[in-house]
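Novice: Take this structure, written in structure tokens, and hold onto it; I'll ask about it next.
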Amino acid sequence: PQADELQRLLANLIHQLTLDRQPQPRFWYFPKRHKAVVIMTGDHHGCCLATRERFRHYQAQSPAGCSLADWECVRATSYVYPGKGQGELSDAEARAFDEAGFELAVHVNTECKDWTPASLDAAYTQQLAAFNRQFPSLPAPVTNRTHCIVWSDYVTQPQVALRHGVRLDTNYYYWPPPWVRDVPGVFPGSALPMRFAVPDGRTIDC
């Protein structure tokens with residue numbers, strides 16, 4: 001991750017070059033100085049491993065008495081189509097998983113077609129409302145992956161997401177296999193999530 005390496009070089013230079021004047025506070029990115037974190041997500045299209053079974057599997061893989069606050073438990077997000085798989089996961093089950101540290105969120109669906117700012121906003125509005133009707137006990141989702149990672153212009157996606165309370169956009173992952181060619185790596189050169197920015201450089205809080 002080239003960007004991370006350059007960021008650490010800059011931080012180390014600032015630290016070393018100011019030692020004779022004042023100590024600089026240093027903060028690490030992750031709890032307990034973990035060097036890396038994997039953000040586990042999955043898209044539930046109503047055809048694959050069910051969210052319930054996957055979450056139960058992660059619970060079984062977590063150490064007994066693990067601490068969510070210290071990131072000791074195996075947890076993930078499942079992006080679901082609202083209204084799909086009715087009866088598969090009840091509101092009560094969804095609430096129990098949420099309380100255990102899992103996230104259920106909307107897999108906003110544009111049917112893999114390009115969108116306009118208005119049509120994307122409408123998709124968020126309608127599908128978040130449907131999600132709330134299906135799972136009224138859950139908090140409003142704060143993350144999203146749009147099906148199927150369509151990105152029709154430079155910055156509308158994070159702007160619309162933020163208007164709907166979404167703070168983490170996961171429309172990026174190491175896929176498809178013909179691009180990856182079975183070689184591990186990080187596409188953008190950084191392993192840390194970064195805020196989006198409009199063309200003049202102002203950041204979006206997403």
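A note on labels: chains of the structure tokens are A, B, ... as shown, every chain counts residues from 1, and ligands are counted from 1 in their shown order.
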Hey, what's within 8 Å of Leu138 in chain A if we count only C-alpha atoms and toss same-chain stuff fewer than 4 positions away? As a list in words, please?
Specialist: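 The filter keeps Asp91, Ala94, Arg95, Asp98 and Asn132 of chain A.
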Novice: Could you give me, as a PyMOL selection string, the residues within 8 Å of Val142 in chain A, counting only C-alpha atoms and dropping anything in the same chain fewer than 6 positions from it?
Specialist: chain A and resi 105+165-168
Novice: Using all heavy atoms, can you export the residues from the last selection as a CSV table (one decimal), in the first residue's frame?
Specialist:
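Everything below was put into out-v8.csv:
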```csv
chain,number,residue,atom,x,y,z
A,105,ALA,N,-27.6,-3.9,6.3
A,105,ALA,CA,-27.7,-2.7,5.6
A,105,ALA,C,-28.3,-2.9,4.2
A,105,ALA,O,-28.4,-4.1,3.8
A,105,ALA,CB,-26.4,-1.9,5.5
A,165,GLY,N,-27.5,9.5,5.5
A,165,GLY,CA,-26.9,9.0,6.8
A,165,GLY,C,-25.9,7.9,6.6
A,165,GLY,O,-25.4,7.4,7.6
A,166,VAL,N,-25.5,7.6,5.4
A,166,VAL,CA,-24.5,6.6,5.1
A,166,VAL,C,-23.1,7.3,5.2
A,166,VAL,O,-22.8,8.2,4.5
A,166,VAL,CB,-24.7,5.9,3.7
A,166,VAL,CG1,-23.5,5.0,3.4
A,166,VAL,CG2,-26.0,5.1,3.8
A,167,ARG,N,-22.2,6.7,6.0
A,167,ARG,CA,-20.9,7.3,6.3
A,167,ARG,C,-19.8,6.5,5.7
A,167,ARG,O,-18.6,7.0,5.6
A,167,ARG,CB,-20.7,7.5,7.8
A,167,ARG,CG,-21.7,8.5,8.4
A,167,ARG,CD,-21.4,9.9,8.1
A,167,ARG,NE,-20.0,10.2,8.2
A,167,ARG,CZ,-19.4,10.3,9.4
A,167,ARG,NH1,-20.0,10.2,10.5
A,167,ARG,NH2,-18.1,10.7,9.4
A,168,LEU,N,-20.0,5.2,5.4
A,168,LEU,CA,-19.0,4.4,4.8
A,168,LEU,C,-19.5,3.7,3.5
A,168,LEU,O,-20.5,3.0,3.5
A,168,LEU,CB,-18.5,3.3,5.8
A,168,LEU,CG,-17.4,2.4,5.3
A,168,LEU,CD1,-16.1,3.1,5.0
A,168,LEU,CD2,-17.2,1.2,6.3
```
Novice: Counting only C-alpha atoms, which residue out of A:Gly83, A:Pro63, A:Pro199, A:Pro23 sits closest to Thr156 in chain A?
Specialist: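 Using only C-alpha atoms, the shortest distance to Thr156 in chain A belongs to A:Pro199.
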Novice: Show me, as a VMD selection string, the residues that have an atom within 10 Å of Pro193 in chain A when counting only C-alpha atoms, minus same-chain residues fewer than 5 positions from it.
Specialist: chain A and resid 168 to 170 206
Novice: Would you put the residues from that selection into a file with all heavy atoms, as a compact mmCIF listing (two decimals), in the first residue's frame?
Specialist:
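Everything below was put into result_32.txt:
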```
# COMPACT_ATOMS: atom_id res chain seq x y z
N LEU A 168 -20.03 5.23 5.37
CA LEU A 168 -18.96 4.39 4.80
C LEU A 168 -19.47 3.75 3.53
O LEU A 168 -20.46 3.00 3.54
CB LEU A 168 -18.52 3.31 5.79
CG LEU A 168 -17.43 2.35 5.27
CD1 LEU A 168 -16.12 3.10 4.99
CD2 LEU A 168 -17.19 1.22 6.25
N ASP A 169 -18.80 4.05 2.44
CA ASP A 169 -19.16 3.49 1.14
C ASP A 169 -18.24 2.31 0.85
O ASP A 169 -17.02 2.44 0.87
CB ASP A 169 -18.97 4.57 0.07
CG ASP A 169 -19.35 4.10 -1.31
OD1 ASP A 169 -18.59 3.30 -1.89
OD2 ASP A 169 -20.39 4.53 -1.81
N THR A 170 -18.84 1.15 0.62
CA THR A 170 -18.02 -0.05 0.34
C THR A 170 -18.15 -0.48 -1.11
O THR A 170 -18.04 -1.66 -1.43
CB THR A 170 -18.39 -1.21 1.29
OG1 THR A 170 -19.74 -1.61 1.05
CG2 THR A 170 -18.21 -0.81 2.74
N CYS A 206 -17.90 11.27 4.18
CA CYS A 206 -18.30 9.90 3.85
C CYS A 206 -17.08 9.18 3.34
O CYS A 206 -16.36 9.74 2.48
CB CYS A 206 -19.41 9.90 2.79
SG CYS A 206 -19.94 8.26 2.25
```
Novice: Please run DSSP on the backbone and report, as a ChimeraX atom specification, all residues within range 26-181 of chain A that come out as alpha helix (DSSP H).
Specialist: /A:51-61,91-99,117-134,156-163,177-180
Novice: Of the candidates A:Leu162, A:Phe55, A:Val155, A:Glu72, which shows the shortest atom-to-atom distance to Arg202 in chain A, using only C-alpha atoms?
Specialist: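 That would be A:Val155, the residue with the smallest distance to Arg202 in chain A.
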Novice: Using only C-alpha atoms, which residues sit within 12 Å of Ala96 in chain A once same-chain residues fewer than 5 positions away are excluded, as a count of residues only?
Specialist: 13
Novice: If you measure from CA of Thr146 in chain A to CA of Thr110 in chain A, what distance in Å do you get, rounded to one decimal?
Specialist: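 Straight-line distance from CA of Thr146 in chain A to CA of Thr110 in chain A works out to 7.3 Å.
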Novice: Work out how far CA of Pro139 in chain A is from CA of His57 in chain A, in Å to one decimal.
Specialist: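 Value for the CA of His57 in chain A-CA of Pro139 in chain A distance: 23.0 Å.
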Novice: Using only C-alpha atoms, find the one residue out of A:Cys112, A:Ala92, A:Leu68, A:Ile39 that sits nearest to Val150 in chain A.
Specialist: A:Cys112
Novice: Considering only C-alpha atoms, state which residue in the set A:Val180, A:Ala69, A:Ala100, A:Val80 is at the smallest distance from Phe30 in chain A.
Specialist: A:Ala69
Novice: Quick one: distance from CA of Gln61 in chain A to CA of Pro82 in chain A in Å, one decimal?
Specialist: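 Result for CA of Gln61 in chain A versus CA of Pro82 in chain A: 27.8 Å, one decimal.
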